[in-house]
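> Below is a structure I'd like to ask you about.
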Amino acid sequence: MTTLGIDIGGSGIKGAPVDTTTGELLDERFRVVTPQPSDVASVVAGAVEVAGHFTGFDRVGVTFPGVVLDGVVKTAANMDPSWINAPAAATLTEAIGHPVVVLNDADAAGVAEVKFGEGRDKAGVIMMLTFGTGIGSALFVDGILVPNTELGHLELHGHDAEVHASDRAREEHNLEWDEWGKRVGKYLKHVEMLFTPKLFIVGGGVSKRTDRWLKFVDINTPIVPAALLNNAGIIGAAMAAATMATAAGR
């Protein structure tokens, strides 16, 4: 069975079919801009457009930038408030016409990275952090996900950390890479103090440009860019859908 992964973000909605046994994309990913306002109906329409670009899939995994419990969205800091308590999995299943599993975007990226990337076969506390419109987090203990941690909303300088250190903050404040890297370092020092992880894995769009800023991050914990770069969310979403289908005997 072919599985489609769709990654909904604050700026873009992208997807591709995925070989969930290898973590490889089976086709070039397709992306549309996240509509503004990013209300439920508009974003669902965007996801349907992405899904409609591909054929031959039987199930779909979708990420969302917020807390997701049993397919229902509970927080949407960087999306329209209409998403709060929206039955995302049921709505997308009806709209796309195939079974849909929905999970937190950073959790999906982390699941993929722990299976196929830099977190593979690593014991202890591992943390994936995605820097984009906000800051997403995925926490793993001996390879097991602790879902919906949302550590981008830790308080830093009196505000959510993502207001200070997200990639959107870099763009909005026109920060040079060294300035932004130092901000990221301050945030990571705070996370480091709270969780003492063995490894930080950096994902999101900035994972492709770590040569510009990672050298300015001064922390004790090893930190590496995601091996799957910005495809991790798509891959992890598809993995979640495949796992759910297997559990259901489909």
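Chain identifiers are assigned as A, B, and so on, following the order in which chains appear in the structure tokens; residues are numbered from 1 within each chain, and ligands are numbered from 1 in order of appearance.
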Near Val72 of chain A, counting only C-alpha atoms, which residues have an atom at most 9 Å away, once you skip same-chain residues fewer than 6 positions from it, shown as a PDB file with N, CA and C atoms, in the first residue's frame?

ATOM      1  N   TRP A  83      -9.042  26.457  14.416  1.00  0.00           N
ATOM      2  CA  TRP A  83      -8.530  25.092  14.533  1.00  0.00           C
ATOM      3  C   TRP A  83      -8.696  24.516  15.935  1.00  0.00           C
ATOM      4  N   ILE A  84      -8.861  25.349  16.934  1.00  0.00           N
ATOM      5  CA  ILE A  84      -8.971  24.846  18.303  1.00  0.00           C
ATOM      6  C   ILE A  84     -10.187  23.929  18.415  1.00  0.00           C
ATOM      7  N   ASN A  85      -9.934  22.707  18.858  1.00  0.00           N
ATOM      8  CA  ASN A  85     -10.949  21.649  19.011  1.00  0.00           C
ATOM      9  C   ASN A  85     -11.540  21.169  17.686  1.00  0.00           C
ATOM     10  N   ALA A  86     -10.896  21.508  16.587  1.00  0.00           N
ATOM     11  CA  ALA A  86     -11.351  21.003  15.283  1.00  0.00           C
ATOM     12  C   ALA A  86     -10.999  19.520  15.152  1.00  0.00           C
ATOM     13  N   PRO A  87     -11.949  18.680  14.675  1.00  0.00           N
ATOM     14  CA  PRO A  87     -11.676  17.252  14.468  1.00  0.00           C
ATOM     15  C   PRO A  87     -10.890  17.052  13.174  1.00  0.00           C
ATOM     16  N   ALA A  88      -9.612  17.362  13.225  1.00  0.00           N
ATOM     17  CA  ALA A  88      -8.791  17.431  12.015  1.00  0.00           C
ATOM     18  C   ALA A  88      -8.759  16.115  11.252  1.00  0.00           C
ATOM     19  N   ALA A  89      -8.570  15.005  11.953  1.00  0.00           N
ATOM     20  CA  ALA A  89      -8.463  13.711  11.270  1.00  0.00           C
ATOM     21  C   ALA A  89      -9.761  13.373  10.541  1.00  0.00           C
ATOM     22  N   ALA A  90     -10.896  13.561  11.206  1.00  0.00           N
ATOM     23  CA  ALA A  90     -12.184  13.248  10.585  1.00  0.00           C
ATOM     24  C   ALA A  90     -12.472  14.183   9.412  1.00  0.00           C
ATOM     25  N   VAL A 102      -3.585  12.342  11.939  1.00  0.00           N
ATOM     26  CA  VAL A 102      -3.023  13.680  12.160  1.00  0.00           C
ATOM     27  C   VAL A 102      -2.198  13.672  13.435  1.00  0.00           C
TER      28      VAL A 102
END
> Looking only at the backbone, which of the residues in segment 58-245 of chain A does DSSP tag as alpha helix (DSSP H), as a compact mmCIF listing (two decimals) with N, CA and C atoms, in the first residue's frame?

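result.txt was written with the following content:
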# COMPACT_ATOMS: atom_id res chain seq x y z
N ALA A 88 -9.61 17.36 13.22
CA ALA A 88 -8.79 17.43 12.02
C ALA A 88 -8.76 16.12 11.25
N ALA A 89 -8.57 15.01 11.95
CA ALA A 89 -8.46 13.71 11.27
C ALA A 89 -9.76 13.37 10.54
N ALA A 90 -10.90 13.56 11.21
CA ALA A 90 -12.18 13.25 10.59
C ALA A 90 -12.47 14.18 9.41
N THR A 91 -12.16 15.47 9.58
CA THR A 91 -12.42 16.44 8.52
C THR A 91 -11.57 16.16 7.29
N LEU A 92 -10.29 15.87 7.50
CA LEU A 92 -9.39 15.60 6.38
C LEU A 92 -9.71 14.26 5.72
N THR A 93 -10.12 13.26 6.51
CA THR A 93 -10.52 11.97 5.95
C THR A 93 -11.67 12.14 4.98
N GLU A 94 -12.66 12.92 5.37
CA GLU A 94 -13.81 13.17 4.51
C GLU A 94 -13.42 13.96 3.27
N ALA A 95 -12.56 14.96 3.45
CA ALA A 95 -12.19 15.83 2.33
C ALA A 95 -11.30 15.13 1.31
N ILE A 96 -10.35 14.32 1.79
CA ILE A 96 -9.39 13.67 0.90
C ILE A 96 -9.94 12.35 0.35
N ASP A 105 3.45 18.38 14.17
CA ASP A 105 4.45 18.43 13.10
C ASP A 105 5.85 18.07 13.55
N ALA A 106 6.28 18.60 14.69
CA ALA A 106 7.63 18.30 15.17
C ALA A 106 7.73 16.84 15.62
N ASP A 107 6.66 16.30 16.20
CA ASP A 107 6.65 14.89 16.58
C ASP A 107 6.86 14.02 15.35
N ALA A 108 6.17 14.36 14.26
CA ALA A 108 6.32 13.60 13.02
C ALA A 108 7.75 13.66 12.51
N ALA A 109 8.33 14.87 12.50
CA ALA A 109 9.71 15.02 12.04
C ALA A 109 10.66 14.22 12.91
N GLY A 110 10.42 14.25 14.22
CA GLY A 110 11.28 13.51 15.14
C GLY A 110 11.19 12.01 14.94
N VAL A 111 9.98 11.51 14.75
CA VAL A 111 9.78 10.07 14.53
C VAL A 111 10.59 9.62 13.31
N ALA A 112 10.54 10.40 12.24
CA ALA A 112 11.29 10.06 11.04
C ALA A 112 12.79 10.10 11.29
N GLU A 113 13.23 11.12 12.02
CA GLU A 113 14.67 11.29 12.25
C GLU A 113 15.22 10.21 13.18
N VAL A 114 14.41 9.77 14.14
CA VAL A 114 14.85 8.70 15.04
C VAL A 114 14.88 7.35 14.32
N LYS A 115 13.99 7.16 13.37
CA LYS A 115 13.96 5.90 12.62
C LYS A 115 15.03 5.85 11.53
N PHE A 116 15.19 6.94 10.79
CA PHE A 116 16.03 6.91 9.59
C PHE A 116 17.21 7.88 9.61
N ALA A 161 9.48 31.45 23.67
CA ALA A 161 10.81 31.37 23.08
C ALA A 161 10.78 31.56 21.57
N GLU A 162 9.71 31.08 20.91
CA GLU A 162 9.67 31.19 19.46
C GLU A 162 9.55 32.63 18.99
N VAL A 163 9.05 33.52 19.83
CA VAL A 163 9.01 34.95 19.48
C VAL A 163 10.42 35.50 19.36
N HIS A 164 11.35 34.90 20.09
CA HIS A 164 12.73 35.38 20.15
C HIS A 164 13.65 34.62 19.18
N ALA A 165 13.39 33.31 18.99
CA ALA A 165 14.40 32.49 18.31
C ALA A 165 13.89 31.65 17.15
N ASP A 167 12.66 30.95 13.16
CA ASP A 167 13.16 31.48 11.88
C ASP A 167 12.34 32.69 11.45
N ARG A 168 11.07 32.71 11.81
CA ARG A 168 10.26 33.90 11.51
C ARG A 168 10.79 35.12 12.25
N ALA A 169 11.23 34.93 13.51
CA ALA A 169 11.81 36.04 14.26
C ALA A 169 13.07 36.55 13.57
N ARG A 170 13.87 35.64 13.03
CA ARG A 170 15.08 36.05 12.30
C ARG A 170 14.71 36.94 11.12
N GLU A 171 13.68 36.53 10.38
CA GLU A 171 13.28 37.29 9.20
C GLU A 171 12.63 38.62 9.58
N GLU A 172 11.74 38.59 10.57
CA GLU A 172 11.02 39.81 10.95
C GLU A 172 11.93 40.87 11.52
N TRP A 177 22.92 36.02 10.49
CA TRP A 177 22.95 34.64 10.95
C TRP A 177 23.67 34.48 12.29
N ASP A 178 24.72 35.27 12.53
CA ASP A 178 25.43 35.15 13.80
C ASP A 178 24.55 35.62 14.96
N GLU A 179 23.79 36.70 14.73
CA GLU A 179 22.90 37.21 15.77
C GLU A 179 21.82 36.18 16.11
N TRP A 180 21.26 35.60 15.05
CA TRP A 180 20.20 34.62 15.26
C TRP A 180 20.74 33.35 15.91
N GLY A 181 21.91 32.92 15.49
CA GLY A 181 22.54 31.74 16.09
C GLY A 181 22.75 31.90 17.58
N LYS A 182 23.13 33.10 18.01
CA LYS A 182 23.31 33.36 19.44
C LYS A 182 21.98 33.31 20.18
N ARG A 183 20.91 33.79 19.53
CA ARG A 183 19.58 33.70 20.13
C ARG A 183 19.17 32.23 20.29
N VAL A 184 19.40 31.44 19.26
CA VAL A 184 19.09 30.02 19.33
C VAL A 184 19.88 29.36 20.46
N GLY A 185 21.14 29.77 20.60
CA GLY A 185 21.97 29.22 21.67
C GLY A 185 21.41 29.51 23.04
N LYS A 186 20.90 30.72 23.26
CA LYS A 186 20.31 31.06 24.56
C LYS A 186 19.08 30.20 24.84
N TYR A 187 18.29 30.00 23.81
CA TYR A 187 17.10 29.15 23.96
C TYR A 187 17.51 27.71 24.28
N LEU A 188 18.49 27.19 23.54
CA LEU A 188 18.91 25.81 23.75
C LEU A 188 19.56 25.61 25.11
N LYS A 189 20.25 26.61 25.62
CA LYS A 189 20.81 26.52 26.97
C LYS A 189 19.70 26.32 28.00
N HIS A 190 18.57 27.01 27.78
CA HIS A 190 17.42 26.88 28.68
C HIS A 190 16.85 25.46 28.60
N VAL A 191 16.69 24.95 27.39
CA VAL A 191 16.17 23.59 27.21
C VAL A 191 17.15 22.57 27.78
N GLU A 192 18.43 22.81 27.55
CA GLU A 192 19.50 21.95 28.05
C GLU A 192 19.44 21.83 29.57
N MET A 193 19.22 22.96 30.23
CA MET A 193 19.14 22.98 31.69
C MET A 193 17.97 22.14 32.19
N LEU A 194 16.85 22.18 31.47
CA LEU A 194 15.64 21.50 31.91
C LEU A 194 15.66 20.00 31.63
N PHE A 195 16.29 19.57 30.53
CA PHE A 195 16.15 18.18 30.10
C PHE A 195 17.47 17.40 30.00
N THR A 210 22.75 25.24 8.14
CA THR A 210 23.42 25.23 9.45
C THR A 210 24.86 25.74 9.38
N ASP A 211 25.46 25.70 8.19
CA ASP A 211 26.81 26.21 8.05
C ASP A 211 26.88 27.71 8.33
N ARG A 212 25.72 28.39 8.24
CA ARG A 212 25.70 29.85 8.44
C ARG A 212 25.52 30.25 9.90
N TRP A 213 24.94 29.36 10.73
CA TRP A 213 24.57 29.81 12.08
C TRP A 213 24.94 28.85 13.22
N ALA A 232 11.51 15.70 6.79
CA ALA A 232 11.26 14.82 7.93
C ALA A 232 9.78 14.78 8.31
N GLY A 233 9.10 15.91 8.27
CA GLY A 233 7.68 15.94 8.64
C GLY A 233 6.83 15.11 7.71
N ILE A 234 7.08 15.20 6.41
CA ILE A 234 6.35 14.40 5.42
C ILE A 234 6.55 12.92 5.69
N ILE A 235 7.81 12.53 5.93
CA ILE A 235 8.14 11.12 6.14
C ILE A 235 7.51 10.61 7.43
N GLY A 236 7.62 11.40 8.51
CA GLY A 236 7.04 10.99 9.78
C GLY A 236 5.53 10.89 9.74
N ALA A 237 4.89 11.79 8.99
CA ALA A 237 3.43 11.73 8.85
C ALA A 237 3.02 10.44 8.16
N ALA A 238 3.73 10.09 7.10
CA ALA A 238 3.43 8.85 6.39
C ALA A 238 3.68 7.63 7.28
N MET A 239 4.73 7.67 8.07
CA MET A 239 5.02 6.56 8.99
C MET A 239 3.88 6.37 9.99
N ALA A 240 3.34 7.48 10.50
CA ALA A 240 2.24 7.40 11.46
C ALA A 240 1.01 6.77 10.82
N ALA A 241 0.73 7.15 9.57
CA ALA A 241 -0.42 6.59 8.87
C ALA A 241 -0.23 5.09 8.61
N ALA A 242 0.98 4.70 8.23
CA ALA A 242 1.25 3.28 7.99
C ALA A 242 1.13 2.47 9.27
N THR A 243 1.62 3.02 10.36
CA THR A 243 1.52 2.33 11.65
C THR A 243 0.07 2.16 12.08
N MET A 244 -0.72 3.21 11.90
CA MET A 244 -2.14 3.13 12.25
C MET A 244 -2.86 2.10 11.39
N ALA A 245 -2.54 2.06 10.11
CA ALA A 245 -3.18 1.10 9.22
C ALA A 245 -2.81 -0.33 9.59
> Compare A:Asn104, A:Gly46, A:Leu145, A:Lys198 by their minimum atom-to-atom distance to Lys122 of chain A, counting only C-alpha atoms, and give me the closest one.
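Among the listed residues, the smallest separation from Lys122 of chain A belongs to A:Lys198.
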> If you measure from atom CA of Leu151 of chain A to atom CA of Ser137 of chain A, what distance in Å do you get, rounded to one decimal?
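Going from atom CA of Leu151 of chain A over to atom CA of Ser137 of chain A, I get 5.6 Å.
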> For Ala138 of chain A, which residue out of A:Leu156, A:Met1, A:Leu199, A:Val73 is the nearest one, using only C-alpha atoms?
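Counting only C-alpha atoms, the residue closest to Ala138 of chain A is A:Leu199.
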> Just how far from atom CA of Leu4 of chain A is atom CA of Asn78 of chain A, in Å to one decimal?
24.0 Å
> Could you check how far atom CA of Ser42 of chain A sits from atom CA of Gly203 of chain A, in Å to one decimal?
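Separation between atom CA of Ser42 of chain A and atom CA of Gly203 of chain A: 26.1 Å.
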> Quick one: pick out all strand (DSSP E) residues within segment 71-212 of chain A from a backbone DSSP run and write them as a PyMOL selection string.
chain A and resi 72-73+100-104+125-131+135-141+144-146+155-156+159-160+199-203
> Counting only C-alpha atoms, figure out which residue out of A:Val18, A:Val67, A:Ile126, A:Val202 gets nearest to Val224 of chain A.
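Smallest separation from Val224 of chain A among the options: A:Val202.
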> Write out as a PyMOL selection string which residues come within 8 Å of Asp19 of chain A when counting only C-alpha atoms, dropping same-chain ones fewer than 5 positions away.
chain A and resi 2-3+24-26
> For each of A:His98, A:Arg120, A:Lys14, A:Lys208, take the minimum atom-to-atom distance to Val60 of chain A, counting only C-alpha atoms, then give the residue where this is smallest.
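Using only C-alpha atoms, Val60 of chain A sits closest to A:His98.
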> Considering only C-alpha atoms, can you say which of A:Thr133, A:Asn230, A:Thr221, A:Ser82 comes closest to Gly10 of chain A?
A:Thr133
> Taking only C-alpha atoms into account, which of A:Asp7, A:Glu150, A:Asp80, A:Asp142 comes nearest Gly204 of chain A?
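Once distances to Gly204 of chain A are computed over only C-alpha atoms, the minimum belongs to A:Asp7.
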